[in-house]
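Q: So that you have it, the file is query33.cif, and it contains mmCIF, C-alpha atoms and all ligand atoms:
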data_start
loop_
_atom_site.label_atom_id
_atom_site.label_comp_id
_atom_site.auth_asym_id
_atom_site.auth_seq_id
_atom_site.Cartn_x
_atom_site.Cartn_y
_atom_site.Cartn_z
CA MET A 1 10.71 -5.33 18.64
CA VAL A 2 7.12 -6.23 18.01
CA GLY A 3 4.99 -7.48 15.15
CA TYR A 4 7.94 -9.11 13.49
CA ARG A 5 7.20 -10.73 10.16
CA SER A 6 9.78 -12.37 8.02
CA GLY A 7 10.56 -15.23 5.73
CA ARG A 8 8.18 -16.98 3.49
CA PRO A 9 4.93 -15.06 2.98
CA GLN A 10 1.92 -16.96 4.29
CA ASN A 11 -0.94 -15.35 2.44
CA THR A 12 -1.85 -16.02 -1.11
CA THR A 13 -4.01 -14.05 -3.45
CA MET A 14 -5.93 -14.93 -6.54
CA VAL A 15 -4.47 -13.77 -9.78
CA ARG A 16 -7.50 -13.66 -11.96
CA LEU A 17 -7.97 -13.61 -15.68
CA THR A 18 -11.18 -12.52 -17.25
CA GLU A 19 -13.19 -14.44 -19.77
CA ARG A 20 -12.18 -11.99 -22.45
CA GLY A 21 -9.04 -13.97 -23.06
CA LEU A 22 -6.64 -11.48 -21.55
CA LYS A 23 -3.28 -13.08 -20.92
CA PRO A 24 -1.31 -12.46 -17.76
CA PRO A 25 1.64 -10.17 -18.25
CA GLU A 26 4.78 -12.15 -18.85
CA ARG A 27 6.68 -13.31 -15.82
CA TYR A 28 10.18 -12.15 -15.27
CA PRO A 29 12.55 -14.83 -16.56
CA VAL A 30 13.18 -17.16 -13.65
CA ALA A 31 16.91 -17.62 -14.23
CA PRO A 32 18.44 -14.22 -13.44
CA GLU A 33 19.44 -14.00 -9.83
CA HIS A 34 20.86 -10.56 -10.38
CA PRO A 35 20.38 -7.74 -9.82
CA LEU A 36 19.86 -8.37 -6.11
CA ILE A 37 18.08 -5.28 -4.82
CA LEU A 38 17.93 -4.23 -1.20
CA GLY A 39 14.74 -2.28 -0.43
CA ILE A 40 14.18 0.03 2.53
CA GLU A 41 10.85 1.51 3.61
CA THR A 42 10.63 3.89 6.58
CA SER A 43 8.03 6.44 5.43
CA CYS A 44 5.78 6.10 8.45
CA ASP A 45 5.64 3.66 11.35
CA ASP A 46 6.97 0.43 9.87
CA THR A 47 10.69 -0.28 9.62
CA ALA A 48 10.99 -2.54 6.61
CA CYS A 49 13.83 -4.15 4.70
CA ALA A 50 13.57 -6.58 1.80
CA VAL A 51 15.72 -8.34 -0.76
CA ILE A 52 14.44 -9.22 -4.23
CA ASP A 53 16.29 -10.82 -7.09
CA GLY A 54 16.35 -10.07 -10.81
CA ALA A 55 13.18 -12.12 -11.35
CA GLY A 56 11.29 -10.02 -8.82
CA ARG A 57 11.27 -12.95 -6.37
CA VAL A 58 10.99 -11.74 -2.81
CA LEU A 59 13.89 -13.48 -1.08
CA ALA A 60 13.12 -11.74 2.22
CA SER A 61 10.62 -9.18 3.43
CA VAL A 62 10.95 -8.10 7.03
CA VAL A 63 8.55 -5.59 8.55
CA SER A 64 9.02 -4.43 12.12
CA SER A 65 5.89 -2.71 13.26
CA GLN A 66 6.03 0.12 15.79
CA LEU A 67 2.46 -0.50 16.92
CA ALA A 68 3.35 -0.91 20.59
CA ALA A 69 5.35 2.32 20.68
CA HIS A 70 2.50 4.41 19.26
CA ARG A 71 -0.50 2.63 20.78
CA PRO A 72 -0.61 4.71 23.98
CA TYR A 73 -1.12 7.84 21.81
CA GLY A 74 -3.84 6.40 19.53
CA GLY A 75 -1.90 7.30 16.40
CA VAL A 76 1.61 7.77 14.98
CA VAL A 77 3.92 10.19 16.82
CA PRO A 78 6.55 11.42 14.28
CA GLU A 79 9.43 11.81 16.75
CA ILE A 80 8.90 8.36 18.19
CA ALA A 81 8.71 6.94 14.65
CA SER A 82 12.16 8.20 13.59
CA ARG A 83 13.75 7.05 16.82
CA GLU A 84 12.20 3.59 16.47
CA HIS A 85 13.46 3.30 12.88
CA LEU A 86 17.01 3.95 14.02
CA LYS A 87 16.64 1.48 16.86
CA ASN A 88 15.06 -1.28 14.74
CA TRP A 89 17.18 -1.00 11.61
CA PRO A 90 20.20 -3.14 12.64
CA ALA A 91 18.05 -6.15 13.56
CA VAL A 92 15.61 -5.72 10.65
CA SER A 93 18.34 -5.48 8.00
CA ALA A 94 20.36 -8.32 9.50
CA GLU A 95 17.26 -10.52 9.49
CA ALA A 96 16.47 -9.65 5.84
CA LEU A 97 19.99 -10.58 4.72
CA ARG A 98 19.90 -13.77 6.78
CA VAL A 99 16.54 -14.90 5.37
CA ALA A 100 17.64 -14.04 1.81
CA GLY A 101 20.83 -16.01 2.38
CA ILE A 102 23.10 -13.24 1.12
CA GLU A 103 25.77 -10.91 2.45
CA LEU A 104 25.62 -7.15 2.05
CA PRO A 105 28.39 -7.05 -0.62
CA ASP A 106 26.19 -9.31 -2.83
CA VAL A 107 23.71 -6.45 -3.27
CA ASP A 108 23.66 -4.89 -6.77
CA ALA A 109 21.39 -1.90 -6.09
CA VAL A 110 19.69 -0.20 -3.15
CA ALA A 111 16.27 1.45 -3.07
CA ALA A 112 14.65 3.48 -0.30
CA THR A 113 11.38 5.38 -0.06
CA ARG A 114 11.96 9.05 -0.75
CA GLY A 115 8.46 10.32 0.00
CA PRO A 116 5.74 11.13 0.71
CA GLY A 117 5.80 10.47 4.44
CA LEU A 118 7.19 11.77 7.71
CA VAL A 119 10.38 13.66 6.88
CA GLY A 120 12.30 12.46 9.94
CA SER A 121 11.36 8.84 9.23
CA LEU A 122 12.16 9.12 5.52
CA LEU A 123 15.52 10.64 6.33
CA VAL A 124 16.54 7.59 8.36
CA GLY A 125 15.84 5.12 5.52
CA LEU A 126 17.24 7.38 2.81
CA SER A 127 20.48 8.07 4.66
CA LEU A 128 20.98 4.40 5.42
CA GLY A 129 20.20 3.44 1.82
CA ARG A 130 22.45 6.04 0.25
CA GLY A 131 25.24 5.21 2.66
CA ILE A 132 25.05 1.50 1.83
CA ALA A 133 24.89 2.20 -1.93
CA ARG A 134 27.90 4.52 -1.75
CA GLY A 135 29.88 2.08 0.32
CA LEU A 136 29.15 -0.75 -2.12
CA GLU A 137 29.48 1.55 -5.17
CA VAL A 138 26.14 0.39 -6.56
CA PRO A 139 23.16 2.40 -7.91
CA PHE A 140 20.70 3.99 -5.54
CA HIS A 141 16.99 4.62 -6.23
CA GLY A 142 14.91 7.09 -4.22
CA VAL A 143 11.47 5.54 -4.79
CA HIS A 144 8.07 7.22 -4.50
CA HIS A 145 6.01 5.37 -1.90
CA ILE A 146 3.04 5.16 -4.28
CA GLU A 147 5.28 3.86 -7.05
CA GLY A 148 5.93 0.91 -4.72
CA HIS A 149 2.24 0.31 -3.97
CA LEU A 150 1.39 0.58 -7.68
CA VAL A 151 3.61 -2.33 -8.68
CA SER A 152 2.99 -4.44 -5.54
CA PRO A 153 0.06 -6.41 -7.10
CA PHE A 154 2.55 -7.91 -9.57
CA LEU A 155 4.61 -9.51 -6.81
CA ASP A 156 4.10 -13.21 -6.20
CA ALA A 157 3.01 -14.24 -2.72
CA GLU A 158 4.51 -17.71 -3.12
CA LEU A 159 8.11 -16.70 -3.69
CA GLY A 160 7.71 -17.05 -7.45
CA ALA A 161 8.91 -14.64 -10.10
CA ALA A 162 7.01 -11.37 -10.28
CA SER A 163 4.85 -10.50 -13.26
CA VAL A 164 6.23 -7.79 -15.47
CA ALA A 165 4.02 -4.75 -14.92
CA PRO A 166 2.35 -4.09 -18.27
CA GLU A 167 3.25 -0.91 -20.14
CA ARG A 168 -0.31 0.34 -19.64
CA PHE A 169 -2.52 -0.34 -16.64
CA HIS A 170 -4.69 1.35 -14.05
CA GLY A 171 -3.75 1.38 -10.38
CA LEU A 172 -6.10 1.84 -7.46
CA VAL A 173 -4.09 2.75 -4.37
CA ILE A 174 -6.08 2.91 -1.15
CA SER A 175 -4.32 3.47 2.16
CA GLY A 176 -4.27 5.66 5.24
CA GLY A 177 -2.94 8.57 3.22
CA HIS A 178 -4.14 7.95 -0.35
CA THR A 179 -7.24 7.10 -2.31
CA SER A 180 -6.18 7.36 -5.94
CA LEU A 181 -7.15 5.88 -9.27
CA LEU A 182 -4.07 6.23 -11.47
CA ASP A 183 -3.27 5.72 -15.11
CA VAL A 184 0.17 4.21 -15.71
CA ARG A 185 1.79 4.31 -19.15
CA ASP A 186 5.43 3.38 -19.73
CA GLY A 187 6.22 4.03 -16.09
CA GLN A 188 4.64 7.51 -16.20
CA VAL A 189 1.81 8.00 -13.76
CA SER A 190 -1.14 10.35 -14.10
CA SER A 191 -4.00 10.78 -11.71
CA MET A 192 -7.59 10.07 -12.77
CA VAL A 193 -9.57 10.21 -9.52
CA GLU A 194 -8.32 11.59 -6.19
CA THR A 195 -9.86 12.17 -2.81
CA ARG A 196 -10.84 15.74 -2.13
CA ASP A 197 -10.63 15.29 1.61
CA ASP A 198 -9.85 12.23 3.75
CA ALA A 199 -8.36 8.96 2.52
CA MET A 200 -10.48 5.84 2.95
CA GLY A 201 -8.11 4.19 5.48
CA GLU A 202 -7.91 7.40 7.50
CA VAL A 203 -11.70 7.45 7.87
CA PHE A 204 -11.75 3.80 8.99
CA ASP A 205 -9.12 4.70 11.60
CA LYS A 206 -10.99 7.78 12.85
CA VAL A 207 -14.35 6.03 13.17
CA GLY A 208 -12.65 3.16 15.01
CA LYS A 209 -10.83 5.61 17.26
CA ARG A 210 -14.13 7.28 18.18
CA LEU A 211 -15.34 3.86 19.29
CA GLY A 212 -12.29 3.55 21.54
CA LEU A 213 -10.65 0.80 19.47
CA ASP A 214 -6.91 0.24 19.56
CA TYR A 215 -4.68 1.68 16.82
CA PRO A 216 -4.61 0.81 13.92
CA GLN A 217 -8.36 0.73 13.85
CA GLY A 218 -9.01 0.04 10.13
CA PRO A 219 -8.51 -3.75 10.15
CA ARG A 220 -10.59 -4.12 13.33
CA VAL A 221 -13.43 -2.00 11.95
CA ASP A 222 -13.40 -4.35 8.94
CA GLU A 223 -13.63 -7.42 11.23
CA LEU A 224 -16.45 -5.98 13.32
CA ALA A 225 -18.32 -4.93 10.17
CA GLU A 226 -18.00 -8.52 8.94
CA GLU A 227 -20.10 -9.60 11.95
CA GLY A 228 -22.84 -6.98 11.41
CA GLU A 229 -25.84 -6.56 9.14
CA PRO A 230 -25.38 -3.35 7.18
CA ASP A 231 -27.94 -0.74 8.13
CA PRO A 232 -27.67 1.67 5.21
CA ARG A 233 -30.03 4.32 6.58
CA PRO A 234 -27.64 6.85 8.06
CA PHE A 235 -25.20 6.63 5.17
CA SER A 236 -25.08 7.84 1.59
CA VAL A 237 -22.45 7.60 -1.15
CA ALA A 238 -20.88 11.00 -1.85
CA ARG A 239 -22.08 12.29 -5.20
CA ALA A 240 -19.57 13.46 -7.77
CA LYS A 241 -21.07 15.29 -10.72
CA GLY A 242 -18.91 16.19 -13.69
CA GLU A 243 -15.28 15.68 -12.74
CA LEU A 244 -14.82 12.48 -10.74
CA PHE A 245 -13.40 12.58 -7.21
CA PHE A 246 -13.48 10.58 -4.01
CA SER A 247 -14.75 12.09 -0.79
CA PHE A 248 -14.90 10.34 2.57
CA SER A 249 -15.20 13.12 5.12
CA GLY A 250 -19.01 13.29 4.75
CA LEU A 251 -19.25 9.57 5.41
CA LYS A 252 -16.98 9.96 8.44
CA THR A 253 -19.28 12.66 9.86
CA GLN A 254 -22.34 10.48 9.24
CA ALA A 255 -20.69 7.59 11.08
CA LEU A 256 -19.60 9.77 14.00
CA ARG A 257 -23.17 11.14 14.31
CA ALA A 258 -24.61 7.63 14.23
CA ILE A 259 -22.23 6.64 17.05
CA GLU A 260 -23.36 9.68 19.09
CA GLN A 261 -26.96 8.63 18.52
CA LEU A 262 -26.23 5.13 19.86
CA GLU A 263 -24.70 6.78 22.94
CA ARG A 264 -27.71 9.05 23.42
CA ASP A 265 -29.98 6.01 23.11
CA GLY A 266 -27.95 4.32 25.84
CA VAL A 267 -27.00 1.44 23.51
CA LEU A 268 -23.32 2.37 23.68
CA SER A 269 -21.38 3.71 26.63
CA GLY A 270 -19.55 7.00 25.89
CA ALA A 271 -15.90 7.53 25.04
CA SER A 272 -14.48 4.52 26.89
CA ALA A 273 -11.65 2.33 25.63
CA HIS A 274 -12.89 -0.80 23.93
CA GLY A 275 -9.57 -2.42 22.99
CA ASN A 276 -10.41 -4.77 20.17
CA GLY A 277 -14.14 -4.03 20.42
CA GLU A 278 -15.27 -7.49 21.50
CA ASP A 279 -17.66 -5.96 24.05
CA LEU A 280 -19.31 -3.60 21.56
CA PRO A 281 -23.06 -4.19 21.12
CA ALA A 282 -24.51 -5.72 17.93
CA ALA A 283 -25.93 -2.34 16.88
CA THR A 284 -22.36 -1.02 16.60
CA ARG A 285 -21.41 -3.87 14.32
CA ASP A 286 -24.44 -3.08 12.12
CA LEU A 287 -23.44 0.57 12.04
CA LEU A 288 -19.88 -0.32 11.01
CA ALA A 289 -21.21 -2.75 8.40
CA GLY A 290 -23.30 0.07 6.89
CA PHE A 291 -20.34 2.43 7.02
CA ARG A 292 -18.03 -0.07 5.32
CA ARG A 293 -20.66 -0.92 2.68
CA THR A 294 -21.06 2.76 1.77
CA ALA A 295 -17.29 3.35 1.58
CA VAL A 296 -16.87 0.33 -0.72
CA ASP A 297 -19.88 1.40 -2.82
CA GLN A 298 -18.19 4.73 -3.46
CA ILE A 299 -15.07 2.98 -4.78
CA LEU A 300 -17.23 0.79 -7.06
CA ASP A 301 -19.24 3.81 -8.26
CA ARG A 302 -16.10 5.73 -9.27
CA LEU A 303 -14.55 2.66 -10.89
CA GLU A 304 -17.71 1.98 -12.89
CA ARG A 305 -17.95 5.56 -14.07
CA SER A 306 -14.27 5.74 -15.03
CA HIS A 307 -14.58 2.40 -16.83
CA SER A 308 -17.63 3.55 -18.84
CA ALA A 309 -15.89 6.75 -19.85
CA ARG A 310 -12.60 5.03 -20.77
CA PRO A 311 -12.42 1.23 -20.50
CA ILE A 312 -10.02 -0.19 -17.94
CA ASP A 313 -8.22 -3.32 -19.19
CA LEU A 314 -6.15 -4.19 -16.15
CA LEU A 315 -6.72 -2.85 -12.65
CA ALA A 316 -3.98 -3.34 -10.03
CA VAL A 317 -5.32 -2.72 -6.51
CA SER A 318 -2.96 -1.98 -3.62
CA GLY A 319 -2.42 -0.18 -0.31
CA GLY A 320 -3.36 -1.09 3.26
CA VAL A 321 -7.10 -0.84 2.60
CA ALA A 322 -6.76 -3.37 -0.24
CA ALA A 323 -6.87 -5.90 2.63
CA ASN A 324 -10.50 -4.95 3.29
CA ARG A 325 -12.58 -8.09 3.01
CA LEU A 326 -15.71 -6.55 1.51
CA LEU A 327 -13.68 -4.47 -0.92
CA ARG A 328 -11.81 -7.55 -2.16
CA ARG A 329 -15.03 -9.55 -2.65
CA GLU A 330 -16.81 -6.70 -4.41
CA LEU A 331 -13.85 -5.92 -6.67
CA VAL A 332 -13.72 -9.55 -7.78
CA SER A 333 -17.38 -9.54 -8.84
CA TRP A 334 -17.18 -6.05 -10.38
CA ALA A 335 -14.16 -7.09 -12.45
CA ASP A 336 -15.97 -10.28 -13.54
CA ARG A 337 -19.06 -8.35 -14.62
CA SER A 338 -17.03 -5.65 -16.34
CA GLY A 339 -14.46 -7.83 -18.11
CA VAL A 340 -11.57 -6.21 -16.26
CA ASP A 341 -8.37 -8.13 -15.54
CA LEU A 342 -8.02 -7.64 -11.78
CA ARG A 343 -4.76 -7.91 -9.83
CA LEU A 344 -5.31 -7.70 -6.09
CA VAL A 345 -2.16 -7.16 -4.10
CA PRO A 346 -1.21 -10.28 -2.07
CA LEU A 347 -2.34 -9.59 1.50
CA ILE A 348 1.22 -9.85 2.76
CA TYR A 349 2.22 -6.89 0.56
CA SER A 350 -0.89 -4.70 1.02
CA GLY A 351 0.45 -2.70 3.97
CA ASP A 352 3.72 -0.84 3.85
CA ASN A 353 6.67 -3.10 3.07
CA ALA A 354 10.09 -2.86 1.45
CA ALA A 355 9.62 -5.59 -1.17
CA MET A 356 7.44 -3.23 -3.19
CA ILE A 357 10.12 -0.51 -2.97
CA ALA A 358 12.83 -2.88 -4.20
CA PHE A 359 10.50 -4.12 -6.96
CA ALA A 360 9.74 -0.54 -8.08
CA ALA A 361 13.50 -0.10 -8.47
CA LEU A 362 13.73 -3.30 -10.53
CA GLU A 363 10.92 -1.98 -12.74
CA ARG A 364 12.82 1.29 -13.11
CA GLN A 365 15.96 -0.55 -14.16
CA ARG A 366 13.88 -2.45 -16.70
CA HIS A 367 12.84 0.92 -18.12
CA GLY A 368 16.48 1.95 -18.41
CA PHE A 369 16.89 4.05 -15.29
CA VAL A 370 20.19 3.42 -13.61
CA GLY A 371 19.69 5.37 -10.41
CA ASP A 372 19.12 8.75 -8.84
CA SER A 373 21.96 11.23 -8.84
CA GLU A 374 20.50 13.38 -6.11
CA ILE A 375 17.68 12.87 -3.67
CA ALA A 376 16.20 14.52 -0.63
CA PRO A 377 13.28 13.33 1.48
CA ALA A 378 9.95 14.93 0.61
CA SER A 379 6.92 14.91 2.88
CA ARG A 380 4.74 15.70 -0.12
CA LEU A 381 5.64 14.36 -3.53
CA PRO A 382 3.43 14.64 -6.62
CA PHE A 383 3.44 11.47 -8.70
CA ASP A 384 2.49 12.90 -12.05
CA LYS A 385 6.16 12.94 -13.03
CA LEU A 386 7.28 9.45 -12.22
CA PRO A 387 10.03 8.33 -12.44
CA PRO A 388 11.47 11.66 -11.28
CA GLU A 389 13.25 13.85 -13.77
CA HIS A 390 16.54 13.58 -11.96
CA ALA A 391 16.64 9.79 -12.35
CA VAL A 392 19.47 9.04 -14.72
CA LEU A 393 18.38 7.32 -17.90
CA GLU A 394 20.88 4.81 -19.22
CA ARG A 395 21.78 5.90 -22.72
CA ASN A 396 23.49 2.73 -23.80
CA ALA A 397 20.75 0.96 -25.77
CA ASP A 398 22.46 -2.45 -25.58
CA ARG A 399 22.63 -2.37 -21.85
CA HIS A 400 18.98 -1.31 -21.75
CA GLN A 401 18.00 -4.43 -23.67
CA GLU A 402 19.98 -6.64 -21.37
CA THR A 403 18.17 -5.33 -18.31
CA PRO A 404 15.55 -7.96 -17.35
P1 LIG A 501 0.10 4.23 4.68
O1 LIG A 501 -1.25 4.81 4.63
O2 LIG A 501 0.96 4.76 5.78
O3 LIG A 501 0.79 4.18 3.37
P2 LIG A 501 -0.62 1.42 4.50
O4 LIG A 501 -0.49 1.39 3.03
O5 LIG A 501 0.01 0.33 5.28
O6 LIG A 501 -0.04 2.74 5.16
O7 LIG A 501 -2.17 1.48 4.87
C1 LIG A 501 -2.58 1.56 6.21
C2 LIG A 501 -4.05 1.91 6.25
O8 LIG A 501 -4.83 0.80 5.81
C3 LIG A 501 -4.53 2.26 7.65
O9 LIG A 501 -5.38 3.38 7.56
C4 LIG A 501 -5.31 1.01 8.05
O10 LIG A 501 -6.32 1.25 9.00
C5 LIG A 501 -5.90 0.61 6.72
N1 LIG A 501 -6.35 -0.78 6.69
C6 LIG A 501 -5.60 -1.90 6.85
N2 LIG A 501 -6.37 -3.00 6.77
C7 LIG A 501 -7.65 -2.58 6.56
C8 LIG A 501 -8.90 -3.23 6.37
N3 LIG A 501 -9.00 -4.57 6.40
N4 LIG A 501 -10.00 -2.46 6.17
C9 LIG A 501 -9.90 -1.13 6.12
N5 LIG A 501 -8.76 -0.45 6.31
C10 LIG A 501 -7.64 -1.16 6.51
MG MG A 502 1.38 2.89 2.23
#
In structure tokens, what does this structure look like?

A:
Amino acid sequence: MVGYRSGRPQNTTMVRLTERGLKPPERYPVAPEHPLILGIETSCDDTACAVIDGAGRVLASVVSSQLAAHRPYGGVVPEIASREHLKNWPAVSAEALRVAGIELPDVDAVAATRGPGLVGSLLVGLSLGRGIARGLEVPFHGVHHIEGHLVSPFLDAELGAASVAPERFHGLVISGGHTSLLDVRDGQVSSMVETRDDAMGEVFDKVGKRLGLDYPQGPRVDELAEEGEPDPRPFSVARAKGELFFSFSGLKTQALRAIEQLERDGVLSGASAHGNGEDLPAATRDLLAGFRRTAVDQILDRLERSHSARPIDLLAVSGGVAANRLLRRELVSWADRSGVDLRLVPLIYSGDNAAMIAFAALERQRHGFVGDSEIAPASRLPFDKLPPEHAVLERNADRHQETP
């Protein structure tokens, strides 16, 4: 098993308040240890298991990356992914329980990602999760992957209680599969701005792949860009007149053409493997810096325009690309200028993980949902009807109030 992370999260993030006197959402009460929720995430190429308690404290978050298994192919191979999940699960779950200091029968509810993702991979996590829940006779939640990302900025990186997600907030989810600005009210999610073509992370990966960088290329493109001086000439922010949307495929084409030009000019040697890119010439770093700058500018442009049309009070930013250094810096200053209360996901929870899936289930229980009666994996899953209609709403009002 490779890329094993567990135990106490190392990274911290700033939880910022604006000068407009906005208060942080209340923390979950620290006392309740229950419900203990076991989270499972297997939507793509990470096998993840986590345990959180009733205060949203992450008692354990174990992520076993399949990077080594997929690296020879330059991207994720679905069949390999499902097989790796099955192989990794026993060790990953045992480690999560060990770190959390609990036994399986202590678990009060189980949550697994239901979609979107690779169907074979989802099926592994869902079957395991449902089986465990049935065996223990506890509720099961089939969680939308984006539902997990959306609430992840409210998790505490330092093992503290989570913040209660406010009844109304905006979520910006940026990953390898999504670039979405979402409006969340009372647990219901509606989309405000979506990408019309590629997701931002996907474009970082493709540009990095063209340069012969190892998978996953996004974080490395970010590092190389950090060392360059942005040359904005070949790049332009995609325009969006009228209805707002994201679009990154034009920027990807511009970057790929600029790389070809460097090859024609003899600055860069053609399609060879560059591993982590240490040997790439300075001009490549400048090109990547310009590319990254333009991608981030598009996010800021859409945020600014959405905010002017309808003010954003609290923006929760999540997803793998929320680790992007420039994006984080720029979001902090944009939020300062605009009086927006910004919650950046702790770095440790930006990529796919199971703590966010377990926490989404805790949030559901807080809203009175006691579990899903029926679930099936779904490679595509719209999120405009979240939580799903088949989730069972607890009708007993007293019990609802008791739920933390
Ligand atoms: P998924 O897209 O499967 O839900 P994640 O939420 O973990 O997965 O996001 C992974 C994506 O985030 C990949 O496309 C990866 O390249 C990208 N990514 C991770 N870190 C960075 C970074 N620092 N800069 C840009 N992209 C990044
Ligand atoms: Mg994700």

Q: I'd like to know which of A:Leu268, A:Ala69, A:Ile102, A:Val51 is closest to Lys87 (chain A), using all atoms listed in the file.

A: A:Ala69

Q: Could you check the closest approach to ligand LIG 501 (chain A) for each of A:Gly177, A:Pro139, A:Gly212, A:Gly242 and tell me which residue wins, using only C-alpha atoms and all ligand atoms?

A: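 Among the listed residues, the smallest separation from ligand LIG 501 (chain A) belongs to A:Gly177.
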
Q: With only C-alpha atoms and all ligand atoms counted, collect every polymer residue having an atom within 6 Å of ligand MG 502 (chain A); state the result as an MDAnalysis selection string.

A: chainID A and resid 175 319 351:352

Q: Dump C-alpha atoms for the selected residues as a short mmCIF file (atom, residue, chain, number, x, y, z; two decimals), keeping the file's coordinate frame?

A:
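Everything below was put into selection-v8.cif:
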data_model
loop_
_atom_site.label_atom_id
_atom_site.label_comp_id
_atom_site.auth_asym_id
_atom_site.auth_seq_id
_atom_site.Cartn_x
_atom_site.Cartn_y
_atom_site.Cartn_z
CA SER A 175 -4.32 3.47 2.16
CA GLY A 319 -2.42 -0.18 -0.31
CA GLY A 351 0.45 -2.70 3.97
CA ASP A 352 3.72 -0.84 3.85
#

Q: Write as a ChimeraX atom specification the residues around ligand LIG 501 (chain A), taking 9 Å as the cut-off and counting all atoms listed in the file.

A: /A:43-46,116-117,145-146,149,173-178,199-206,208,215-223,292,318-327,349-353

Q: If I put a ball of radius 12 Å at (-18.0, -7.3, 2.1) in the file's coordinates, which residues poke into it when counting all atoms listed in the file, written as a VMD selection string?

A: chain A and resid 222 to 230 288 to 297 323 to 333

Q: For region 129-132 of chain A, work out the shell of residues within 10 Å, counting all atoms listed in the file and skipping chain neighbours fewer than 4 positions away, then give it as a count of residues only.

A: 24

Q: What separation in Å, quoted to one decimal, exists between CA of Gly277 (chain A) and CA of Tyr73 (chain A)?

A: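 Distance between the two atoms: 17.7 Å.
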
Q: Taking into account all atoms listed in the file, which residue in the set A:Ala309, A:Leu67, A:Ala161, A:Leu211 is nearest to Glu84 (chain A)?

A: A:Leu67

Q: Let me know the centre plus edge lengths, in Å and rounded to one decimal, of a box with edges along x, y and z that contains all listed atoms of region 367-376 of chain A and is padded by 6 Å on every side, as lines of an AutoDock Vina configuration file.

A:
center_x = 17.4
center_y = 7.7
center_z = -9.5
size_x = 21.1
size_y = 25.6
size_z = 29.8

Q: Identify which of the residues A:Ser373, A:Ser152, A:Ser163, A:Ser308 lies closest to Val345 (chain A), counting all atoms listed in the file when measuring atom-to-atom distances.

A: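 Comparing A:Ser373, A:Ser152, A:Ser163, A:Ser308 against Val345 (chain A), the winner is A:Ser152.
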
Q: Which residue gives the smallest distance to Phe369 (chain A) among A:Val143, A:Val267, A:Ile259, A:Ala354, with only C-alpha atoms counted?

A: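 Of all the options, A:Val143 lies closest to Phe369 (chain A).
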
Q: Choose the residue, out of A:Val340, A:Ala48, A:Leu262, A:Ala55, that has the smallest atom-to-atom separation from His34 (chain A); count all atoms listed in the file.

A: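 Closest to His34 (chain A), using all atoms listed in the file: A:Ala55.
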
Q: Enter the distance from CA of Glu158 (chain A) to CA of Gly54 (chain A), in Å, rounded to one decimal.

A: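 Atom-to-atom, CA of Glu158 (chain A) and CA of Gly54 (chain A) are spaced 16.1 Å apart.
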